[in-house]
Amino acid sequence: MESSQIEESTSLMLDGNALAGLFHELFDVEMTIALLECASCGRIGELGSLWAFAESPGYVLRCPGCQNIVMRMTVTPDQIYLDARGAAYLRIPKRNLT
Amino acid sequence: MSSAFLSRGFLGKHRQDGPPDRVPPGQYITHDFPVLSAGPTPRTPLERWSFEINGLVRQPVRWSWADFLRLPSRHYTVDIHCVTKWSKLDTQWEGVSVDTLLESVEVDPNAHFVIAFCDGGYTTNMPLKEIVEGNAFVGYQYNDAPLAPEHGGPARLVVPALYFWKSAKWVRGLTVIEKDKSGFWESLGYNNHGDPWKEERYHGD
Amino acid sequence: METELIKEVVPRILEWQISTVVKVRQETERVKTYTLALPKWIPHRAGQHYDVRLTAPDGYQTQRSYSIASSPEKKGEIDLTVERLEEGEVSTYLHDVLIVGDQVELRGPIGGYFVWEASMGGPLLLVAGGSGIVPLMAMIRHRIMVDSKIPIRLLYSSRTYEDIIYREELEQLSNDSSGLEVFHTLTRLQPQSWAGYQRRIDLKMLEEVALPLGNELKAYICGPTALVEDVANGLVALGIPASQIRTERFGPTGVP
């Protein structure tokens, strides 16, 4: 895709960092370093590296490899909804808490 | 979500309250046209574009872009209301009434719902009766110019009586179904119906 | 100087706190840095951000994320550098209304993906577009504070000479043969005797700046989405593995 076309198509696009605060609210730990495998194409990458679309009724995270949706999230007045079917798994390292 | 702390001197962007008979509860008027998206802007070339009605119809029908432009169209002036609280009054469109499109199919009498499907994978659902009798159209011009891609061009569904997430951008067709089935946002906490006058924003409203 | 860095997987409730503005500094015509004293300050990692939330008397709220400009070695306070955007609801408030002594509600530090600390090693290639320099500046300042010798090359794209944020500090830091080299490119207007680059970042420029660091480099790219895409793709084309490239996109207008 031409550079200017990419600019138009994805200019509203951010990355997983933009949702870091929201994910932290949900999980109480830093989630942008969580590794996810895309259920569509198998790409493995950190949540922070996903394409994020945050200007909509909800949030959508897409795989930079295949553009398919990895996760969706919405925030209503009293609930947070998370659909992670686009992720084959989510993995985060265990650390010694002592 | 509200806190006791107030930011000194902060009033928020100018949110104009509108006349209550035009602006539903909880909405404010905007004079720009915010762009909200769940993905990269699709770019289907017109020679590959089509609009289809399928599902519970005797025979599915499909129009190419050239066919679509030959259908009787008309000018619409409608108010639109986004669930993210902005409303825009007197927006100007050119489009084809959904009634016109449905004339080309025979809908199964047991089918009462539709799902709109779009480039990029977006879907939204509504009762069939909400998009007939002049209540909805497929719009391809906005303010006398071709509908811009970031606003849903080449064509989008416009259902002014419901929150604007139901006015599916980059629409490619309608699937007629017997039982209601939640679309993209309806399945993730947003209201299945979405009547702005009853503030049906979220599930359970 | 001992600094205990928070391990990112230890559960930590992210709480809002009220900070106080202790200093405001004009960096460029449209950019200011706010020094905020935090009652519940904890050390951050360079590259992280804070969320700032504003509340109007009628209850209306809005929030934005701002990258931390200061190093984690500066205790009790953080610096947030903010560009004033004409259409920006929060940035116009911060620039036009906020003064020393005012309070700002915020929470953080947030982020684990786009962070760098000296223990992660290098060499580092930092690429910034406009206000994308902010989190990278925290990395540069951190490196100085811990006396690290890890080589850093910064490629910084600005519109004009007057738009370069932290210009004097960068000049000073790169003159001290501390292992930091700064390459500027001015895309819109250049002063008379300008010796730096004068075009948008392209493959040739990346080749000249990045390749001398070798293939083991770690790249951090921050700025408008279009610049970030171009630079990331460019580095991959030059043979840098994608796993060594981290990005933070600020969206079209330069604010995440």
# chains A, B, ... in the order shown; residues from 1 in each chain; ligands from 1

$ interface_residues --of "chain C" --to "chain B" --cutoff "7 Å" --atoms "only C-alpha atoms" --output "PyMOL selection string"
chain C and resi 54-57+59+89+93+97+104

$ closest_atom_pairs --of "chain B" --to "chain A" --cutoff "6 Å" --atoms "only C-alpha atoms" --output "CSV"
residue,atom,partner,partner_atom,distance
B:Leu36,CA,A:Ser56,CA,4.4
B:Ser37,CA,A:Ser56,CA,5.2
B:Ala38,CA,A:Phe53,CA,5.5
B:Pro40,CA,A:Ser9,CA,5.1
B:Thr41,CA,A:Ser9,CA,4.8

$ residues_around --residues "Arg91 in chain A" --least-positions-apart "2" --cutoff "8 Å" --atoms "only C-alpha atoms" --output "number ranges by chain"
A: 34-36, 89, 93

$ write_last_selection --atoms "C-alpha atoms" --output "PDB file, in the first residue's frame"
ATOM      1  CA  ALA A  34       1.316  -9.859  27.624  1.00  0.00           C
ATOM      2  CA  LEU A  35       2.048 -12.047  24.622  1.00  0.00           C
ATOM      3  CA  LEU A  36      -0.866 -13.033  22.431  1.00  0.00           C
ATOM      4  CA  TYR A  89      -4.029 -17.410  24.086  1.00  0.00           C
ATOM      5  CA  PRO A  93       5.365 -14.293  32.789  1.00  0.00           C
TER       6      PRO A  93
END

$ select_by_dssp --residues "range 32-208 of chain C" --states "strand (DSSP E or B)" --output "PDB file with N, CA and C atoms, in the first residue's frame"
ATOM      1  N   LYS C  32       4.567  22.937  26.334  1.00  0.00           N
ATOM      2  CA  LYS C  32       4.939  23.272  27.714  1.00  0.00           C
ATOM      3  C   LYS C  32       5.233  22.005  28.495  1.00  0.00           C
ATOM      4  N   THR C  33       6.098  22.148  29.497  1.00  0.00           N
ATOM      5  CA  THR C  33       6.349  21.042  30.420  1.00  0.00           C
ATOM      6  C   THR C  33       5.818  21.415  31.794  1.00  0.00           C
ATOM      7  N   TYR C  34       5.031  20.499  32.352  1.00  0.00           N
ATOM      8  CA  TYR C  34       4.470  20.707  33.686  1.00  0.00           C
ATOM      9  C   TYR C  34       5.191  19.789  34.662  1.00  0.00           C
ATOM     10  N   THR C  35       5.747  20.354  35.727  1.00  0.00           N
ATOM     11  CA  THR C  35       6.323  19.533  36.788  1.00  0.00           C
ATOM     12  C   THR C  35       5.253  19.377  37.844  1.00  0.00           C
ATOM     13  N   LEU C  36       4.923  18.106  38.139  1.00  0.00           N
ATOM     14  CA  LEU C  36       3.825  17.816  39.054  1.00  0.00           C
ATOM     15  C   LEU C  36       4.339  17.041  40.251  1.00  0.00           C
ATOM     16  N   ALA C  37       3.967  17.514  41.443  1.00  0.00           N
ATOM     17  CA  ALA C  37       4.332  16.804  42.670  1.00  0.00           C
ATOM     18  C   ALA C  37       3.231  15.800  42.974  1.00  0.00           C
ATOM     19  N   HIS C  49       3.576   6.308  30.744  1.00  0.00           N
ATOM     20  CA  HIS C  49       2.809   7.539  30.720  1.00  0.00           C
ATOM     21  C   HIS C  49       1.882   7.617  31.932  1.00  0.00           C
ATOM     22  N   TYR C  50       1.289   8.765  32.110  1.00  0.00           N
ATOM     23  CA  TYR C  50       0.227   8.961  33.094  1.00  0.00           C
ATOM     24  C   TYR C  50      -1.045   9.335  32.348  1.00  0.00           C
ATOM     25  N   ASP C  51      -2.185   8.939  32.876  1.00  0.00           N
ATOM     26  CA  ASP C  51      -3.473   9.391  32.352  1.00  0.00           C
ATOM     27  C   ASP C  51      -3.889  10.599  33.169  1.00  0.00           C
ATOM     28  N   VAL C  52      -4.265  11.663  32.462  1.00  0.00           N
ATOM     29  CA  VAL C  52      -4.725  12.883  33.128  1.00  0.00           C
ATOM     30  C   VAL C  52      -6.227  12.986  32.941  1.00  0.00           C
ATOM     31  N   ARG C  53      -6.944  13.247  34.015  1.00  0.00           N
ATOM     32  CA  ARG C  53      -8.411  13.333  33.894  1.00  0.00           C
ATOM     33  C   ARG C  53      -8.888  14.701  34.368  1.00  0.00           C
ATOM     34  N   LEU C  54      -9.751  15.301  33.566  1.00  0.00           N
ATOM     35  CA  LEU C  54     -10.338  16.595  33.926  1.00  0.00           C
ATOM     36  C   LEU C  54     -11.816  16.414  34.210  1.00  0.00           C
ATOM     37  N   THR C  55     -12.308  17.122  35.221  1.00  0.00           N
ATOM     38  CA  THR C  55     -13.728  17.039  35.589  1.00  0.00           C
ATOM     39  C   THR C  55     -14.317  18.437  35.629  1.00  0.00           C
ATOM     40  N   GLN C  61     -16.482  14.457  32.220  1.00  0.00           N
ATOM     41  CA  GLN C  61     -15.074  14.113  32.391  1.00  0.00           C
ATOM     42  C   GLN C  61     -14.452  13.737  31.064  1.00  0.00           C
ATOM     43  N   THR C  62     -13.179  13.992  30.977  1.00  0.00           N
ATOM     44  CA  THR C  62     -12.446  13.542  29.801  1.00  0.00           C
ATOM     45  C   THR C  62     -11.012  13.251  30.233  1.00  0.00           C
ATOM     46  N   GLN C  63     -10.363  12.333  29.561  1.00  0.00           N
ATOM     47  CA  GLN C  63      -8.985  12.050  29.944  1.00  0.00           C
ATOM     48  C   GLN C  63      -8.087  11.823  28.736  1.00  0.00           C
ATOM     49  N   ARG C  64      -6.808  12.064  28.944  1.00  0.00           N
ATOM     50  CA  ARG C  64      -5.803  11.834  27.915  1.00  0.00           C
ATOM     51  C   ARG C  64      -4.560  11.234  28.559  1.00  0.00           C
ATOM     52  N   SER C  65      -3.784  10.547  27.746  1.00  0.00           N
ATOM     53  CA  SER C  65      -2.519   9.998  28.237  1.00  0.00           C
ATOM     54  C   SER C  65      -1.375  10.892  27.831  1.00  0.00           C
ATOM     55  N   TYR C  66      -0.450  11.147  28.739  1.00  0.00           N
ATOM     56  CA  TYR C  66       0.740  11.939  28.422  1.00  0.00           C
ATOM     57  C   TYR C  66       1.977  11.192  28.877  1.00  0.00           C
ATOM     58  N   SER C  67       2.943  11.086  27.989  1.00  0.00           N
ATOM     59  CA  SER C  67       4.187  10.393  28.319  1.00  0.00           C
ATOM     60  C   SER C  67       4.975  11.181  29.351  1.00  0.00           C
ATOM     61  N   ILE C  68       5.649  10.443  30.222  1.00  0.00           N
ATOM     62  CA  ILE C  68       6.474  11.067  31.248  1.00  0.00           C
ATOM     63  C   ILE C  68       7.787  11.498  30.607  1.00  0.00           C
ATOM     64  N   GLU C  77       8.274  13.722  41.974  1.00  0.00           N
ATOM     65  CA  GLU C  77       7.696  14.601  40.947  1.00  0.00           C
ATOM     66  C   GLU C  77       7.842  13.950  39.591  1.00  0.00           C
ATOM     67  N   ILE C  78       6.974  14.354  38.671  1.00  0.00           N
ATOM     68  CA  ILE C  78       7.147  13.940  37.276  1.00  0.00           C
ATOM     69  C   ILE C  78       7.011  15.161  36.382  1.00  0.00           C
ATOM     70  N   ASP C  79       7.608  15.077  35.203  1.00  0.00           N
ATOM     71  CA  ASP C  79       7.434  16.113  34.179  1.00  0.00           C
ATOM     72  C   ASP C  79       6.568  15.540  33.074  1.00  0.00           C
ATOM     73  N   LEU C  80       5.541  16.281  32.705  1.00  0.00           N
ATOM     74  CA  LEU C  80       4.751  15.904  31.535  1.00  0.00           C
ATOM     75  C   LEU C  80       4.915  17.027  30.514  1.00  0.00           C
ATOM     76  N   THR C  81       5.316  16.673  29.317  1.00  0.00           N
ATOM     77  CA  THR C  81       5.468  17.668  28.258  1.00  0.00           C
ATOM     78  C   THR C  81       4.285  17.536  27.317  1.00  0.00           C
ATOM     79  N   VAL C  82       3.576  18.633  27.098  1.00  0.00           N
ATOM     80  CA  VAL C  82       2.306  18.607  26.379  1.00  0.00           C
ATOM     81  C   VAL C  82       2.296  19.623  25.240  1.00  0.00           C
ATOM     82  N   GLU C  83       1.915  19.147  24.067  1.00  0.00           N
ATOM     83  CA  GLU C  83       1.780  20.050  22.927  1.00  0.00           C
ATOM     84  C   GLU C  83       0.351  20.584  22.897  1.00  0.00           C
ATOM     85  N   GLN C 103      -4.238  21.980  40.805  1.00  0.00           N
ATOM     86  CA  GLN C 103      -4.175  20.542  40.988  1.00  0.00           C
ATOM     87  C   GLN C 103      -4.648  19.804  39.731  1.00  0.00           C
ATOM     88  N   VAL C 104      -4.078  18.651  39.498  1.00  0.00           N
ATOM     89  CA  VAL C 104      -4.429  17.839  38.329  1.00  0.00           C
ATOM     90  C   VAL C 104      -4.615  16.395  38.783  1.00  0.00           C
ATOM     91  N   GLU C 105      -5.729  15.803  38.385  1.00  0.00           N
ATOM     92  CA  GLU C 105      -5.973  14.413  38.756  1.00  0.00           C
ATOM     93  C   GLU C 105      -5.307  13.495  37.730  1.00  0.00           C
ATOM     94  N   LEU C 106      -4.574  12.516  38.207  1.00  0.00           N
ATOM     95  CA  LEU C 106      -3.941  11.604  37.265  1.00  0.00           C
ATOM     96  C   LEU C 106      -3.734  10.216  37.876  1.00  0.00           C
ATOM     97  N   ARG C 107      -3.415   9.253  37.023  1.00  0.00           N
ATOM     98  CA  ARG C 107      -3.097   7.914  37.513  1.00  0.00           C
ATOM     99  C   ARG C 107      -1.974   7.336  36.650  1.00  0.00           C
ATOM    100  N   GLY C 108      -1.191   6.490  37.297  1.00  0.00           N
ATOM    101  CA  GLY C 108      -0.083   5.879  36.582  1.00  0.00           C
ATOM    102  C   GLY C 108       0.937   5.369  37.574  1.00  0.00           C
ATOM    103  N   PRO C 109       2.143   5.073  37.123  1.00  0.00           N
ATOM    104  CA  PRO C 109       2.569   5.068  35.721  1.00  0.00           C
ATOM    105  C   PRO C 109       2.022   3.849  34.968  1.00  0.00           C
ATOM    106  N   ILE C 110       1.793   4.020  33.700  1.00  0.00           N
ATOM    107  CA  ILE C 110       1.163   2.987  32.900  1.00  0.00           C
ATOM    108  C   ILE C 110       2.035   2.638  31.710  1.00  0.00           C
ATOM    109  N   LEU C 124      20.948   1.778  21.340  1.00  0.00           N
ATOM    110  CA  LEU C 124      19.587   2.251  21.103  1.00  0.00           C
ATOM    111  C   LEU C 124      19.489   3.166  19.895  1.00  0.00           C
ATOM    112  N   LEU C 125      18.442   2.915  19.102  1.00  0.00           N
ATOM    113  CA  LEU C 125      18.082   3.864  18.058  1.00  0.00           C
ATOM    114  C   LEU C 125      16.738   4.448  18.469  1.00  0.00           C
ATOM    115  N   LEU C 126      16.705   5.748  18.709  1.00  0.00           N
ATOM    116  CA  LEU C 126      15.448   6.395  19.086  1.00  0.00           C
ATOM    117  C   LEU C 126      15.015   7.272  17.922  1.00  0.00           C
ATOM    118  N   VAL C 127      13.785   7.104  17.483  1.00  0.00           N
ATOM    119  CA  VAL C 127      13.285   7.915  16.368  1.00  0.00           C
ATOM    120  C   VAL C 127      12.026   8.636  16.817  1.00  0.00           C
ATOM    121  N   ALA C 128      12.027   9.963  16.699  1.00  0.00           N
ATOM    122  CA  ALA C 128      10.900  10.754  17.178  1.00  0.00           C
ATOM    123  C   ALA C 128      10.347  11.649  16.090  1.00  0.00           C
ATOM    124  N   GLY C 129       9.023  11.796  16.071  1.00  0.00           N
ATOM    125  CA  GLY C 129       8.369  12.772  15.211  1.00  0.00           C
ATOM    126  C   GLY C 129       7.634  13.733  16.110  1.00  0.00           C
ATOM    127  N   ILE C 152      23.563   5.747  22.220  1.00  0.00           N
ATOM    128  CA  ILE C 152      22.224   6.083  21.732  1.00  0.00           C
ATOM    129  C   ILE C 152      22.362   7.001  20.533  1.00  0.00           C
ATOM    130  N   ARG C 153      21.586   6.706  19.502  1.00  0.00           N
ATOM    131  CA  ARG C 153      21.461   7.643  18.380  1.00  0.00           C
ATOM    132  C   ARG C 153      19.997   8.050  18.309  1.00  0.00           C
ATOM    133  N   LEU C 154      19.765   9.360  18.343  1.00  0.00           N
ATOM    134  CA  LEU C 154      18.410   9.886  18.253  1.00  0.00           C
ATOM    135  C   LEU C 154      18.218  10.531  16.895  1.00  0.00           C
ATOM    136  N   LEU C 155      17.199  10.088  16.174  1.00  0.00           N
ATOM    137  CA  LEU C 155      16.827  10.747  14.912  1.00  0.00           C
ATOM    138  C   LEU C 155      15.514  11.457  15.178  1.00  0.00           C
ATOM    139  N   TYR C 156      15.515  12.786  15.060  1.00  0.00           N
ATOM    140  CA  TYR C 156      14.384  13.580  15.542  1.00  0.00           C
ATOM    141  C   TYR C 156      13.853  14.450  14.413  1.00  0.00           C
ATOM    142  N   SER C 157      12.618  14.210  14.050  1.00  0.00           N
ATOM    143  CA  SER C 157      11.986  14.952  12.960  1.00  0.00           C
ATOM    144  C   SER C 157      11.092  16.045  13.526  1.00  0.00           C
ATOM    145  N   SER C 158      11.337  17.293  13.109  1.00  0.00           N
ATOM    146  CA  SER C 158      10.507  18.418  13.523  1.00  0.00           C
ATOM    147  C   SER C 158      10.182  19.243  12.289  1.00  0.00           C
ATOM    148  N   LEU C 180      25.818   9.876  23.322  1.00  0.00           N
ATOM    149  CA  LEU C 180      24.541  10.216  22.708  1.00  0.00           C
ATOM    150  C   LEU C 180      24.799  11.051  21.459  1.00  0.00           C
ATOM    151  N   GLU C 181      24.278  10.582  20.329  1.00  0.00           N
ATOM    152  CA  GLU C 181      24.391  11.374  19.101  1.00  0.00           C
ATOM    153  C   GLU C 181      22.993  11.759  18.647  1.00  0.00           C
ATOM    154  N   VAL C 182      22.833  13.026  18.261  1.00  0.00           N
ATOM    155  CA  VAL C 182      21.506  13.509  17.864  1.00  0.00           C
ATOM    156  C   VAL C 182      21.524  13.928  16.407  1.00  0.00           C
ATOM    157  N   PHE C 183      20.582  13.403  15.640  1.00  0.00           N
ATOM    158  CA  PHE C 183      20.433  13.774  14.227  1.00  0.00           C
ATOM    159  C   PHE C 183      19.073  14.415  14.056  1.00  0.00           C
ATOM    160  N   HIS C 184      19.075  15.650  13.595  1.00  0.00           N
ATOM    161  CA  HIS C 184      17.806  16.347  13.387  1.00  0.00           C
ATOM    162  C   HIS C 184      17.435  16.340  11.919  1.00  0.00           C
ATOM    163  N   THR C 185      16.151  16.297  11.649  1.00  0.00           N
ATOM    164  CA  THR C 185      15.682  16.602  10.309  1.00  0.00           C
ATOM    165  C   THR C 185      14.536  17.596  10.434  1.00  0.00           C
ATOM    166  N   LEU C 186      14.612  18.644   9.633  1.00  0.00           N
ATOM    167  CA  LEU C 186      13.568  19.679   9.646  1.00  0.00           C
ATOM    168  C   LEU C 186      12.809  19.570   8.341  1.00  0.00           C
ATOM    169  N   TYR C 197      19.591  17.203   8.310  1.00  0.00           N
ATOM    170  CA  TYR C 197      18.701  16.729   7.251  1.00  0.00           C
ATOM    171  C   TYR C 197      17.570  17.720   7.043  1.00  0.00           C
TER     172      TYR C 197
END

$ residues_around --residues "Val228 in chain C" --least-positions-apart "5" --cutoff "7 Å" --atoms "only C-alpha atoms" --output "number ranges by chain"
C: 221-223, 247, 249

$ closest_residue --among "B:Ser187, B:Gln141, B:Gln59, B:Ser50" --to "Val107 in chain B" --atoms "only C-alpha atoms"
B:Gln59

$ closest_residue --among "C:Ala226, C:Gly234, C:Gly196, C:Tyr60" --to "chain A" --atoms "only C-alpha atoms"
C:Ala226

$ atom_distance --atom1 "CA of Asn215 in chain C" --atom2 "CA of Gly122 in chain C"
10.7 Å

$ atom_distance --atom1 "CA of Asp180 in chain B" --atom2 "CA of Val70 in chain A"
25.3 Å
